[in-house]
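**Q** Contents of protein.cif (mmCIF, C-alpha atoms) are below:
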data_work
#
loop_
_atom_site.label_atom_id
_atom_site.label_comp_id
_atom_site.auth_asym_id
_atom_site.auth_seq_id
_atom_site.Cartn_x
_atom_site.Cartn_y
_atom_site.Cartn_z
CA MET A 62 -12.02 5.79 41.69
CA VAL A 63 -9.96 8.53 40.07
CA ALA A 64 -7.13 6.11 39.41
CA ASN A 65 -9.54 3.70 37.74
CA ALA A 66 -10.87 6.46 35.48
CA PHE A 67 -7.47 6.98 33.91
CA ARG A 68 -6.67 3.37 33.10
CA HIS A 69 -8.31 3.75 29.70
CA PRO A 70 -6.98 5.87 26.81
CA VAL A 71 -8.87 9.16 26.53
CA GLY A 72 -7.07 10.96 23.74
CA VAL A 73 -3.96 11.58 21.67
CA ILE A 74 -0.86 13.56 22.61
CA GLN A 75 1.11 15.26 19.82
CA LEU A 76 4.60 16.45 20.82
CA HIS A 77 6.34 19.37 19.12
CA GLY A 78 9.65 21.12 19.71
CA SER A 79 13.40 20.62 19.65
CA VAL A 80 15.99 19.35 22.10
CA GLY A 81 19.61 20.17 22.76
CA ASP A 82 22.68 18.45 21.34
CA SER A 83 22.50 15.72 23.94
CA GLY A 84 18.96 14.82 22.93
CA SER A 85 17.89 15.36 26.53
CA MET A 86 14.71 17.13 27.56
CA SER A 87 16.80 18.95 30.15
CA LYS A 88 18.63 20.78 27.35
CA CYS A 89 15.62 21.82 25.31
CA ARG A 90 14.73 25.43 24.86
CA GLN A 91 11.12 25.15 23.86
CA MET A 92 8.65 22.32 23.83
CA SER A 93 4.92 22.07 23.37
CA PHE A 94 2.38 19.32 23.18
CA ARG A 95 -1.23 19.03 22.12
CA PHE A 96 -3.72 16.76 23.85
CA ILE A 97 -6.74 15.77 21.75
CA SER A 98 -9.69 13.87 23.14
CA LYS A 99 -13.10 13.36 21.61
CA ASN A 100 -14.48 16.64 22.90
CA PHE A 101 -11.52 18.64 24.10
CA ALA A 102 -8.21 19.89 22.77
CA VAL A 103 -5.52 21.78 24.66
CA ASP A 104 -2.18 23.17 23.47
CA VAL A 105 0.43 23.40 26.22
CA GLY A 106 3.76 25.16 25.91
CA LEU A 107 6.83 24.33 28.00
CA LEU A 108 8.81 27.56 28.25
CA ARG A 109 12.33 28.02 29.62
CA LYS A 110 15.13 30.49 29.95
CA GLY A 111 18.39 28.65 29.39
CA GLN A 112 18.72 25.07 30.55
CA CYS A 113 15.69 23.42 32.04
CA GLY A 114 15.64 21.64 35.33
CA SER A 115 12.50 20.40 36.96
CA ARG A 116 12.11 23.67 38.88
CA GLN A 117 12.94 25.94 35.99
CA CYS A 118 10.26 24.70 33.61
CA LYS A 119 7.00 26.50 33.21
CA LEU A 120 3.86 25.06 31.70
CA GLN A 121 1.58 27.50 29.96
CA VAL A 122 -1.78 26.74 28.37
CA ILE A 123 -1.63 28.33 24.94
CA ARG A 124 -5.06 27.41 23.64
CA ALA A 125 -7.90 25.20 24.75
CA SER A 126 -11.09 24.35 22.96
CA SER A 127 -13.99 21.99 23.39
CA SER A 128 -16.86 20.89 21.24
CA GLN A 129 -20.34 22.13 21.99
CA THR A 130 -21.42 18.74 23.24
CA SER A 131 -20.48 15.10 23.39
CA THR A 132 -22.02 13.83 20.18
CA THR A 133 -20.32 10.47 19.73
CA ASP A 134 -22.98 7.89 18.97
CA PRO A 135 -23.76 5.92 22.16
CA ILE A 136 -24.51 2.74 20.20
CA LEU A 137 -21.29 3.03 18.21
CA SER A 138 -19.49 -0.29 18.00
CA THR A 139 -16.57 0.83 15.84
CA SER A 140 -13.01 0.43 17.01
CA LYS A 141 -11.50 3.48 18.68
CA ALA A 142 -8.56 3.12 16.31
CA GLU A 143 -10.86 3.45 13.30
CA SER A 144 -13.08 6.28 12.08
CA ALA A 145 -15.17 6.93 8.98
CA LEU A 146 -14.80 9.89 6.61
CA ILE A 147 -17.59 10.54 4.11
CA LEU A 148 -17.11 13.04 1.28
CA ILE A 149 -20.11 14.31 -0.71
CA ARG A 150 -20.13 16.79 -3.56
CA HIS A 151 -23.30 18.91 -3.34
CA GLY A 152 -26.31 18.05 -5.46
CA GLU A 153 -27.05 19.83 -8.73
CA SER A 154 -27.39 23.60 -8.33
CA LEU A 155 -29.52 26.03 -10.32
CA TRP A 156 -26.41 27.25 -12.14
CA ASN A 157 -25.23 23.69 -12.82
CA GLU A 158 -28.57 23.25 -14.57
CA LYS A 159 -28.03 26.43 -16.61
CA ASN A 160 -24.41 25.46 -17.44
CA LEU A 161 -23.00 28.59 -15.81
CA PHE A 162 -19.67 29.01 -14.04
CA THR A 163 -20.69 29.12 -10.36
CA GLY A 164 -17.55 29.22 -8.26
CA CYS A 165 -18.17 31.09 -5.00
CA VAL A 166 -21.56 32.52 -6.01
CA ASP A 167 -24.08 31.28 -3.45
CA VAL A 168 -26.64 29.35 -5.51
CA PRO A 169 -29.17 26.81 -4.10
CA LEU A 170 -30.02 23.32 -5.32
CA THR A 171 -32.44 22.37 -8.07
CA LYS A 172 -35.23 19.86 -7.48
CA ARG A 173 -32.90 17.26 -8.96
CA GLY A 174 -30.16 18.43 -6.57
CA VAL A 175 -32.52 17.98 -3.62
CA ASP A 176 -33.31 14.45 -4.80
CA GLU A 177 -29.58 13.71 -5.18
CA ALA A 178 -28.91 14.89 -1.63
CA ILE A 179 -31.72 12.71 -0.27
CA GLU A 180 -30.44 9.71 -2.22
CA ALA A 181 -26.93 10.34 -0.87
CA GLY A 182 -28.43 10.32 2.63
CA LYS A 183 -29.98 6.90 1.99
CA ARG A 184 -26.60 5.57 0.89
CA ILE A 185 -24.89 6.66 4.12
CA SER A 186 -27.82 5.98 6.48
CA ASN A 187 -26.01 3.05 8.13
CA ILE A 188 -22.65 4.78 8.65
CA PRO A 189 -21.97 6.52 12.00
CA ILE A 190 -21.67 10.31 11.82
CA ASP A 191 -20.55 12.38 14.80
CA MET A 192 -19.70 15.67 13.11
CA ILE A 193 -20.33 17.48 9.83
CA PHE A 194 -18.20 20.03 7.97
CA THR A 195 -19.55 22.01 5.02
CA SER A 196 -18.50 25.04 3.02
CA SER A 197 -20.12 28.41 3.67
CA LEU A 198 -22.21 28.04 0.50
CA ILE A 199 -25.89 27.09 0.69
CA ARG A 200 -25.77 24.26 -1.89
CA ALA A 201 -23.28 22.30 0.25
CA GLN A 202 -25.21 23.02 3.46
CA MET A 203 -28.51 21.97 1.88
CA THR A 204 -26.90 18.73 0.73
CA ALA A 205 -25.63 17.89 4.22
CA MET A 206 -28.93 18.74 5.92
CA LEU A 207 -31.08 16.85 3.43
CA ALA A 208 -28.79 13.82 3.54
CA MET A 209 -29.08 13.63 7.32
CA THR A 210 -32.88 13.44 7.16
CA GLN A 211 -32.38 9.89 5.88
CA HIS A 212 -29.99 8.67 8.58
CA ARG A 213 -31.34 5.88 10.74
CA ARG A 214 -30.19 7.47 14.00
CA LYS A 215 -32.45 10.47 13.31
CA LYS A 216 -30.07 12.92 14.94
CA VAL A 217 -30.60 16.59 14.12
CA PRO A 218 -27.77 18.45 12.34
CA ILE A 219 -27.31 21.88 13.94
CA ILE A 220 -25.07 24.59 12.49
CA THR A 221 -22.69 25.96 15.11
CA HIS A 222 -22.37 29.75 15.34
CA ASN A 223 -19.05 30.79 16.83
CA GLU A 224 -18.57 33.96 14.77
CA SER A 225 -19.15 36.11 17.86
CA ARG A 226 -19.71 35.68 21.58
CA GLN A 227 -23.32 36.76 21.17
CA ALA A 228 -23.94 34.33 18.32
CA LYS A 229 -22.48 31.48 20.38
CA THR A 230 -24.57 32.43 23.44
CA TRP A 231 -27.81 32.84 21.53
CA SER A 232 -27.45 29.44 19.81
CA GLN A 233 -26.66 27.60 23.07
CA ILE A 234 -28.56 24.36 23.73
CA TYR A 235 -29.55 23.91 27.37
CA SER A 236 -31.00 20.39 27.26
CA GLY A 237 -28.55 17.56 27.74
CA ASP A 238 -30.92 15.07 26.10
CA THR A 239 -31.34 17.34 23.07
CA LYS A 240 -27.57 17.68 22.76
CA LYS A 241 -27.19 13.92 22.63
CA GLN A 242 -29.64 13.80 19.71
CA SER A 243 -27.87 16.47 17.66
CA ILE A 244 -24.82 16.61 15.39
CA PRO A 245 -22.71 19.79 15.18
CA VAL A 246 -22.29 21.25 11.70
CA VAL A 247 -19.25 23.47 11.13
CA THR A 248 -19.24 25.78 8.10
CA ALA A 249 -15.93 27.00 6.65
CA TRP A 250 -15.21 29.22 3.65
CA GLN A 251 -11.95 27.30 3.15
CA LEU A 252 -14.06 24.40 1.86
CA ASN A 253 -15.78 26.62 -0.72
CA GLU A 254 -15.66 25.90 -4.41
CA ARG A 255 -12.74 27.23 -6.40
CA MET A 256 -13.28 30.94 -7.15
CA TYR A 257 -13.67 31.31 -10.91
CA GLY A 258 -13.05 35.06 -10.98
CA GLU A 259 -14.33 36.83 -14.10
CA LEU A 260 -15.91 33.61 -15.39
CA GLN A 261 -18.51 33.45 -12.61
CA GLY A 262 -22.01 33.77 -14.02
CA LEU A 263 -20.89 33.20 -17.63
CA ASN A 264 -22.29 30.41 -19.77
CA LYS A 265 -19.63 27.75 -20.32
CA LEU A 266 -20.34 27.25 -24.02
CA GLU A 267 -20.46 30.99 -24.73
CA THR A 268 -17.21 31.46 -22.80
CA ALA A 269 -15.53 28.79 -24.94
CA GLU A 270 -16.69 30.61 -28.09
CA ARG A 271 -15.40 33.91 -26.72
CA TYR A 272 -11.97 32.84 -25.43
CA GLY A 273 -11.45 29.63 -27.39
CA LYS A 274 -12.06 26.05 -26.29
CA GLU A 275 -8.39 25.38 -25.55
CA LYS A 276 -8.03 28.41 -23.26
CA VAL A 277 -11.22 27.62 -21.32
CA HIS A 278 -10.19 23.96 -21.04
CA GLU A 279 -6.82 25.12 -19.67
CA TRP A 280 -8.52 27.29 -17.05
CA ARG A 281 -10.89 24.50 -16.01
CA ARG A 282 -8.59 21.47 -16.11
CA SER A 283 -5.04 22.66 -15.48
CA TYR A 284 -3.61 22.48 -11.97
CA ASP A 285 -1.78 25.79 -11.64
CA ILE A 286 -3.29 28.17 -14.24
CA PRO A 287 -6.09 30.38 -12.84
CA PRO A 288 -8.85 32.04 -14.87
CA PRO A 289 -8.81 35.88 -14.96
CA SER A 290 -8.95 37.19 -11.34
CA GLY A 291 -9.72 33.68 -10.09
CA GLU A 292 -8.14 30.68 -8.38
CA SER A 293 -6.28 27.76 -9.89
CA LEU A 294 -6.91 24.29 -8.52
CA GLU A 295 -3.54 24.59 -6.77
CA MET A 296 -4.68 27.75 -4.95
CA CYS A 297 -7.97 26.10 -3.95
CA SER A 298 -6.04 23.06 -2.75
CA GLN A 299 -3.80 25.12 -0.49
CA ARG A 300 -6.69 26.49 1.56
CA ALA A 301 -8.87 23.36 1.53
CA VAL A 302 -6.11 20.92 2.51
CA ALA A 303 -4.72 23.27 5.17
CA TYR A 304 -8.19 23.44 6.75
CA PHE A 305 -8.64 19.68 6.53
CA LYS A 306 -5.31 19.02 8.23
CA GLU A 307 -5.90 21.56 11.01
CA HIS A 308 -9.58 21.05 11.78
CA ILE A 309 -10.93 17.78 10.32
CA GLU A 310 -8.05 15.33 10.56
CA PRO A 311 -7.67 15.77 14.35
CA LYS A 312 -11.35 14.84 14.75
CA LEU A 313 -10.75 11.63 12.82
CA GLN A 314 -7.61 10.92 14.87
CA SER A 315 -9.66 11.23 18.06
CA GLY A 316 -12.17 8.66 16.82
CA LYS A 317 -14.97 10.85 15.49
CA ASN A 318 -16.79 9.89 12.29
CA VAL A 319 -16.99 12.87 9.94
CA LEU A 320 -19.12 13.90 6.97
CA VAL A 321 -17.76 16.60 4.64
CA ALA A 322 -20.21 18.16 2.17
CA ALA A 323 -18.40 20.48 -0.21
CA HIS A 324 -17.60 21.07 -3.89
CA GLY A 325 -15.92 19.46 -6.86
CA ASN A 326 -12.60 21.29 -6.60
CA SER A 327 -12.29 21.54 -2.82
CA LEU A 328 -13.05 17.81 -2.53
CA ARG A 329 -10.67 16.93 -5.36
CA SER A 330 -8.02 18.80 -3.40
CA ILE A 331 -8.75 16.82 -0.25
CA ILE A 332 -8.75 13.52 -2.17
CA MET A 333 -5.40 14.50 -3.68
CA TYR A 334 -4.08 14.73 -0.10
CA LEU A 335 -5.78 11.53 1.11
CA GLU A 336 -4.63 9.40 -1.82
CA ARG A 337 -1.35 11.21 -2.48
CA LEU A 338 -2.25 11.93 -6.09
CA THR A 339 0.02 13.88 -8.40
CA SER A 340 -1.07 17.15 -9.98
CA GLN A 341 -1.59 15.27 -13.25
CA GLU A 342 -3.73 12.60 -11.59
CA VAL A 343 -5.98 15.06 -9.77
CA ILE A 344 -6.91 17.11 -12.84
CA SER A 345 -8.46 14.00 -14.43
CA LEU A 346 -10.45 13.15 -11.28
CA GLU A 347 -14.20 13.63 -11.74
CA LEU A 348 -16.73 13.70 -8.88
CA SER A 349 -20.45 13.25 -9.55
CA THR A 350 -22.95 15.44 -7.72
CA GLY A 351 -24.60 13.82 -4.74
CA VAL A 352 -22.52 10.62 -4.72
CA PRO A 353 -20.81 9.91 -1.36
CA LEU A 354 -17.31 8.50 -1.07
CA LEU A 355 -16.26 6.52 2.01
CA TYR A 356 -12.78 6.48 3.55
CA ILE A 357 -11.60 4.73 6.70
CA HIS A 358 -8.98 6.43 8.86
CA LYS A 359 -6.91 3.86 10.73
CA GLU A 360 -3.34 3.87 12.01
CA GLU A 361 -2.74 7.35 10.58
CA LYS A 362 -3.70 6.19 7.06
CA PHE A 363 -6.73 6.79 4.84
CA MET A 364 -8.19 3.81 3.03
CA ARG A 365 -10.74 4.36 0.29
CA ARG A 366 -13.71 2.00 0.59
CA GLY A 367 -15.57 3.18 -2.51
CA SER A 368 -19.06 4.64 -2.78
CA PRO A 369 -21.86 3.43 -0.49
CA VAL A 370 -24.54 1.76 -2.59
CA GLY A 371 -27.48 2.17 -0.23
CA PRO A 372 -29.33 0.31 2.53
CA THR A 373 -31.34 -1.84 0.10
CA GLU A 374 -28.27 -3.50 -1.38
CA PRO A 375 -27.46 -6.83 0.31
CA GLY A 376 -23.73 -6.86 -0.40
CA VAL A 377 -22.87 -3.76 1.65
CA TYR A 378 -20.22 -1.38 0.40
CA ALA A 379 -16.78 -2.50 1.41
CA TYR A 380 -17.79 -2.46 5.08
CA THR A 381 -15.10 -2.89 7.66
CA LYS A 382 -15.91 -5.24 10.51
CA SER A 383 -16.57 -2.30 12.81
CA LEU A 384 -19.05 -0.66 10.43
CA ALA A 385 -20.81 -4.00 9.95
CA LEU A 386 -21.22 -4.27 13.73
CA TYR A 387 -22.62 -0.74 13.84
CA ARG A 388 -25.22 -1.63 11.24
CA GLN A 389 -26.16 -4.73 13.20
CA GLU A 390 -26.81 -2.54 16.25
CA LEU A 391 -29.02 -0.26 14.14
CA ASP A 392 -30.97 -3.29 12.89
CA LYS A 393 -31.50 -4.55 16.46
CA LYS A 394 -32.91 -1.20 17.56
CA SER A 395 -35.26 -0.99 14.59
CA HIS A 396 -36.95 -4.33 15.42
#
Go ahead and render the structure in this file as structure tokens.
**A**
Amino acid sequence: MVANAFRHPVGVIQLHGSVGDSGSMSKCRQMSFRFISKNFAVDVGLLRKGQCGSRQCKLQVIRASSSQTSTTDPILSTSKAESALILIRHGESLWNEKNLFTGCVDVPLTKRGVDEAIEAGKRISNIPIDMIFTSSLIRAQMTAMLAMTQHRRKKVPIITHNESRQAKTWSQIYSGDTKKQSIPVVTAWQLNERMYGELQGLNKLETAERYGKEKVHEWRRSYDIPPPSGESLEMCSQRAVAYFKEHIEPKLQSGKNVLVAAHGNSLRSIIMYLERLTSQEVISLELSTGVPLLYIHKEEKFMRRGSPVGPTEPGVYAYTKSLALYRQELDKKSH
């Protein structure tokens, strides 16, 4: 029975390290590998003193982590080699409405922003979602939560609290059935909007009058020039892309379908990485509030499938075969 259990692939192994001149493992000084499955990741180091024979090697678990629960959709029909990535810029905020520089100030959505988030949810209601990442700012979190109220699987998004042992213990779910009907939501400051420094809270038109239109345009649309005491797009990109590569991409590689609700500049940074855009191409990229973008991760590549148009449209939105099968399963269960 045990042998049968391991006939099927359960994860991905990533190998890191260097070998000796001969290219042989027996000559290597240090080697490590990472095993990633859908709900578990472990980093293992192979440590040696001098040359390594089979009796001289020592395996040491460096770090292990697991998700709070197995949340992969049980009706999911998508290929294990394929996963969906949905990017959504938050809906309109109260400071968007007032034309103020918002940056990292924590401002909620307007009524229009709430409607945009709900509409975004309708557009992605037929796409599988196993995990959600948002920034630490309320407008992105509201967008993700409101969007998920429209999903046909009716799973409940639950923010994970791992900031302390007590927070993790107090937010523990003890019902297996409830866990299966929930989706973990991870918040990360690295996905926050670009920090606009001394411009935060200022009216954009008044700022242009004060500093000059060209200077303000340079601060807003250049790649590597920050506003006073703030971040450039390049600086925002460094933290957002590093977080994506370390925390989100491994989830996609393991087969999970991920929703990321964040901000104009942090998402532009991630798209720059996904589509290998130049610094000149990314500064001209515009993202509308509340409009989801769909990417497919397959064979270590990201393929843009456009923007989902909604469940009422007959032509679907650049579905892959696997996503079409998933929707068919949803339709069967609704009848």
**Q** Name the residues that the PyMOL selection byres ((chain A and resi 215-218) around 6) picks from the file above, as a VMD selection string, using the file's chain letters and numbers.
**A** chain A and resid 212 to 214 219 242 to 245
**Q** Kindly export the residues of the current selection with C-alpha atoms, as an mmCIF file, in the frame of the given file.
**A**
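And here is the file that came out, part18.cif:
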data_model
loop_
_atom_site.group_PDB
_atom_site.id
_atom_site.type_symbol
_atom_site.label_atom_id
_atom_site.label_comp_id
_atom_site.auth_asym_id
_atom_site.auth_seq_id
_atom_site.Cartn_x
_atom_site.Cartn_y
_atom_site.Cartn_z
ATOM 1 C CA HIS A 212 -29.990 8.670 8.580
ATOM 2 C CA ARG A 213 -31.340 5.880 10.740
ATOM 3 C CA ARG A 214 -30.190 7.470 14.000
ATOM 4 C CA ILE A 219 -27.310 21.880 13.940
ATOM 5 C CA GLN A 242 -29.640 13.800 19.710
ATOM 6 C CA SER A 243 -27.870 16.470 17.660
ATOM 7 C CA ILE A 244 -24.820 16.610 15.390
ATOM 8 C CA PRO A 245 -22.710 19.790 15.180
#
**Q** Decode the PyMOL selection byres ((chain A and resi 326) around 12) for the given file into explicit residues and return them as a CSV table (one decimal) with C-alpha atoms, in the frame of the given file.
**A**
chain,number,residue,atom,x,y,z
A,149,ILE,CA,-20.1,14.3,-0.7
A,150,ARG,CA,-20.1,16.8,-3.6
A,151,HIS,CA,-23.3,18.9,-3.3
A,163,THR,CA,-20.7,29.1,-10.4
A,164,GLY,CA,-17.6,29.2,-8.3
A,165,CYS,CA,-18.2,31.1,-5.0
A,196,SER,CA,-18.5,25.0,3.0
A,251,GLN,CA,-12.0,27.3,3.2
A,252,LEU,CA,-14.1,24.4,1.9
A,253,ASN,CA,-15.8,26.6,-0.7
A,254,GLU,CA,-15.7,25.9,-4.4
A,255,ARG,CA,-12.7,27.2,-6.4
A,256,MET,CA,-13.3,30.9,-7.2
A,257,TYR,CA,-13.7,31.3,-10.9
A,281,ARG,CA,-10.9,24.5,-16.0
A,282,ARG,CA,-8.6,21.5,-16.1
A,283,SER,CA,-5.0,22.7,-15.5
A,284,TYR,CA,-3.6,22.5,-12.0
A,292,GLU,CA,-8.1,30.7,-8.4
A,293,SER,CA,-6.3,27.8,-9.9
A,294,LEU,CA,-6.9,24.3,-8.5
A,295,GLU,CA,-3.5,24.6,-6.8
A,296,MET,CA,-4.7,27.8,-5.0
A,297,CYS,CA,-8.0,26.1,-4.0
A,298,SER,CA,-6.0,23.1,-2.8
A,299,GLN,CA,-3.8,25.1,-0.5
A,300,ARG,CA,-6.7,26.5,1.6
A,301,ALA,CA,-8.9,23.4,1.5
A,302,VAL,CA,-6.1,20.9,2.5
A,323,ALA,CA,-18.4,20.5,-0.2
A,324,HIS,CA,-17.6,21.1,-3.9
A,325,GLY,CA,-15.9,19.5,-6.9
A,327,SER,CA,-12.3,21.5,-2.8
A,328,LEU,CA,-13.0,17.8,-2.5
A,329,ARG,CA,-10.7,16.9,-5.4
A,330,SER,CA,-8.0,18.8,-3.4
A,331,ILE,CA,-8.8,16.8,-0.2
A,332,ILE,CA,-8.8,13.5,-2.2
A,333,MET,CA,-5.4,14.5,-3.7
A,343,VAL,CA,-6.0,15.1,-9.8
A,344,ILE,CA,-6.9,17.1,-12.8
A,345,SER,CA,-8.5,14.0,-14.4
A,346,LEU,CA,-10.4,13.2,-11.3
A,347,GLU,CA,-14.2,13.6,-11.7
A,348,LEU,CA,-16.7,13.7,-8.9
A,349,SER,CA,-20.4,13.2,-9.6
A,350,THR,CA,-23.0,15.4,-7.7
**Q** Show me the residues around (-19.9, 9.4, 2.2) - criterion: an atom at most 8 Å away, all atoms listed in the file counted - as a compact mmCIF listing (two decimals) with C-alpha atoms, in the frame of the given file.
**A**
# COMPACT_ATOMS: atom_id res chain seq x y z
CA LEU A 146 -14.80 9.89 6.61
CA ILE A 147 -17.59 10.54 4.11
CA LEU A 148 -17.11 13.04 1.28
CA ILE A 149 -20.11 14.31 -0.71
CA ALA A 181 -26.93 10.34 -0.87
CA ARG A 184 -26.60 5.57 0.89
CA ILE A 185 -24.89 6.66 4.12
CA LEU A 320 -19.12 13.90 6.97
CA VAL A 321 -17.76 16.60 4.64
CA VAL A 352 -22.52 10.62 -4.72
CA PRO A 353 -20.81 9.91 -1.36
CA LEU A 354 -17.31 8.50 -1.07
CA LEU A 355 -16.26 6.52 2.01
CA TYR A 356 -12.78 6.48 3.55
CA SER A 368 -19.06 4.64 -2.78
CA PRO A 369 -21.86 3.43 -0.49
**Q** Could you tell me which residues the PyMOL selection byres ((chain A and resi 221) around 12) returns for this structure, as a ChimeraX atom specification?
**A** /A:128-130,192-195,197,218-220,222-225,228-234,243-249
**Q** What does the structure give for the distance between CA of Asn318 (chain A) and CA of Pro189 (chain A), in Å to one decimal?
**A**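 Between these atoms lies a distance of 6.2 Å.
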**Q** Can you list every residue of region 137-219 of chain A that has an atom at most 6 Å from region 259-269 of chain A, with its nearest atom pair and the distance in Å to one decimal, using all atoms listed in the file, ordered by chain then number, as CSV?
**A**
residue,atom,partner,partner_atom,distance
A:Asn160,CA,A:Asn264,CA,5.9
A:Leu161,CA,A:Asn264,CA,4.4
A:Phe162,CA,A:Gln261,CA,4.8
A:Thr163,CA,A:Gln261,CA,5.3
**Q** Considering only C-alpha atoms, state which residue in the set A:Ser154, A:Ser395, A:Ser186, A:Thr339 is at the smallest distance from Gln211 (chain A).
**A**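 The closest residue to Gln211 (chain A) is A:Ser186.
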**Q** So how many Å separate CA of Glu360 (chain A) and CA of Ala142 (chain A), to one decimal?
**A**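 Atom-to-atom, CA of Glu360 (chain A) to CA of Ala142 (chain A), that is 6.8 Å.
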**Q** Figure out the distance between CA of Phe305 (chain A) and CA of His358 (chain A), please, to one decimal in Å.
**A** 13.5 Å
**Q** May I ask which of the residues A:Gly316, A:Gly258, A:Asp285, A:Gly273 is the closest one to Ser340 (chain A), counting all atoms listed in the file?
**A** A:Asp285
**Q** Skipping near chain neighbours, those fewer than 5 positions away, what residues fall within 12 Å of Arg173 (chain A) using only C-alpha atoms, listed as a PyMOL selection string?
**A** chain A and resi 151-155+157-158+178-180+204+350-351
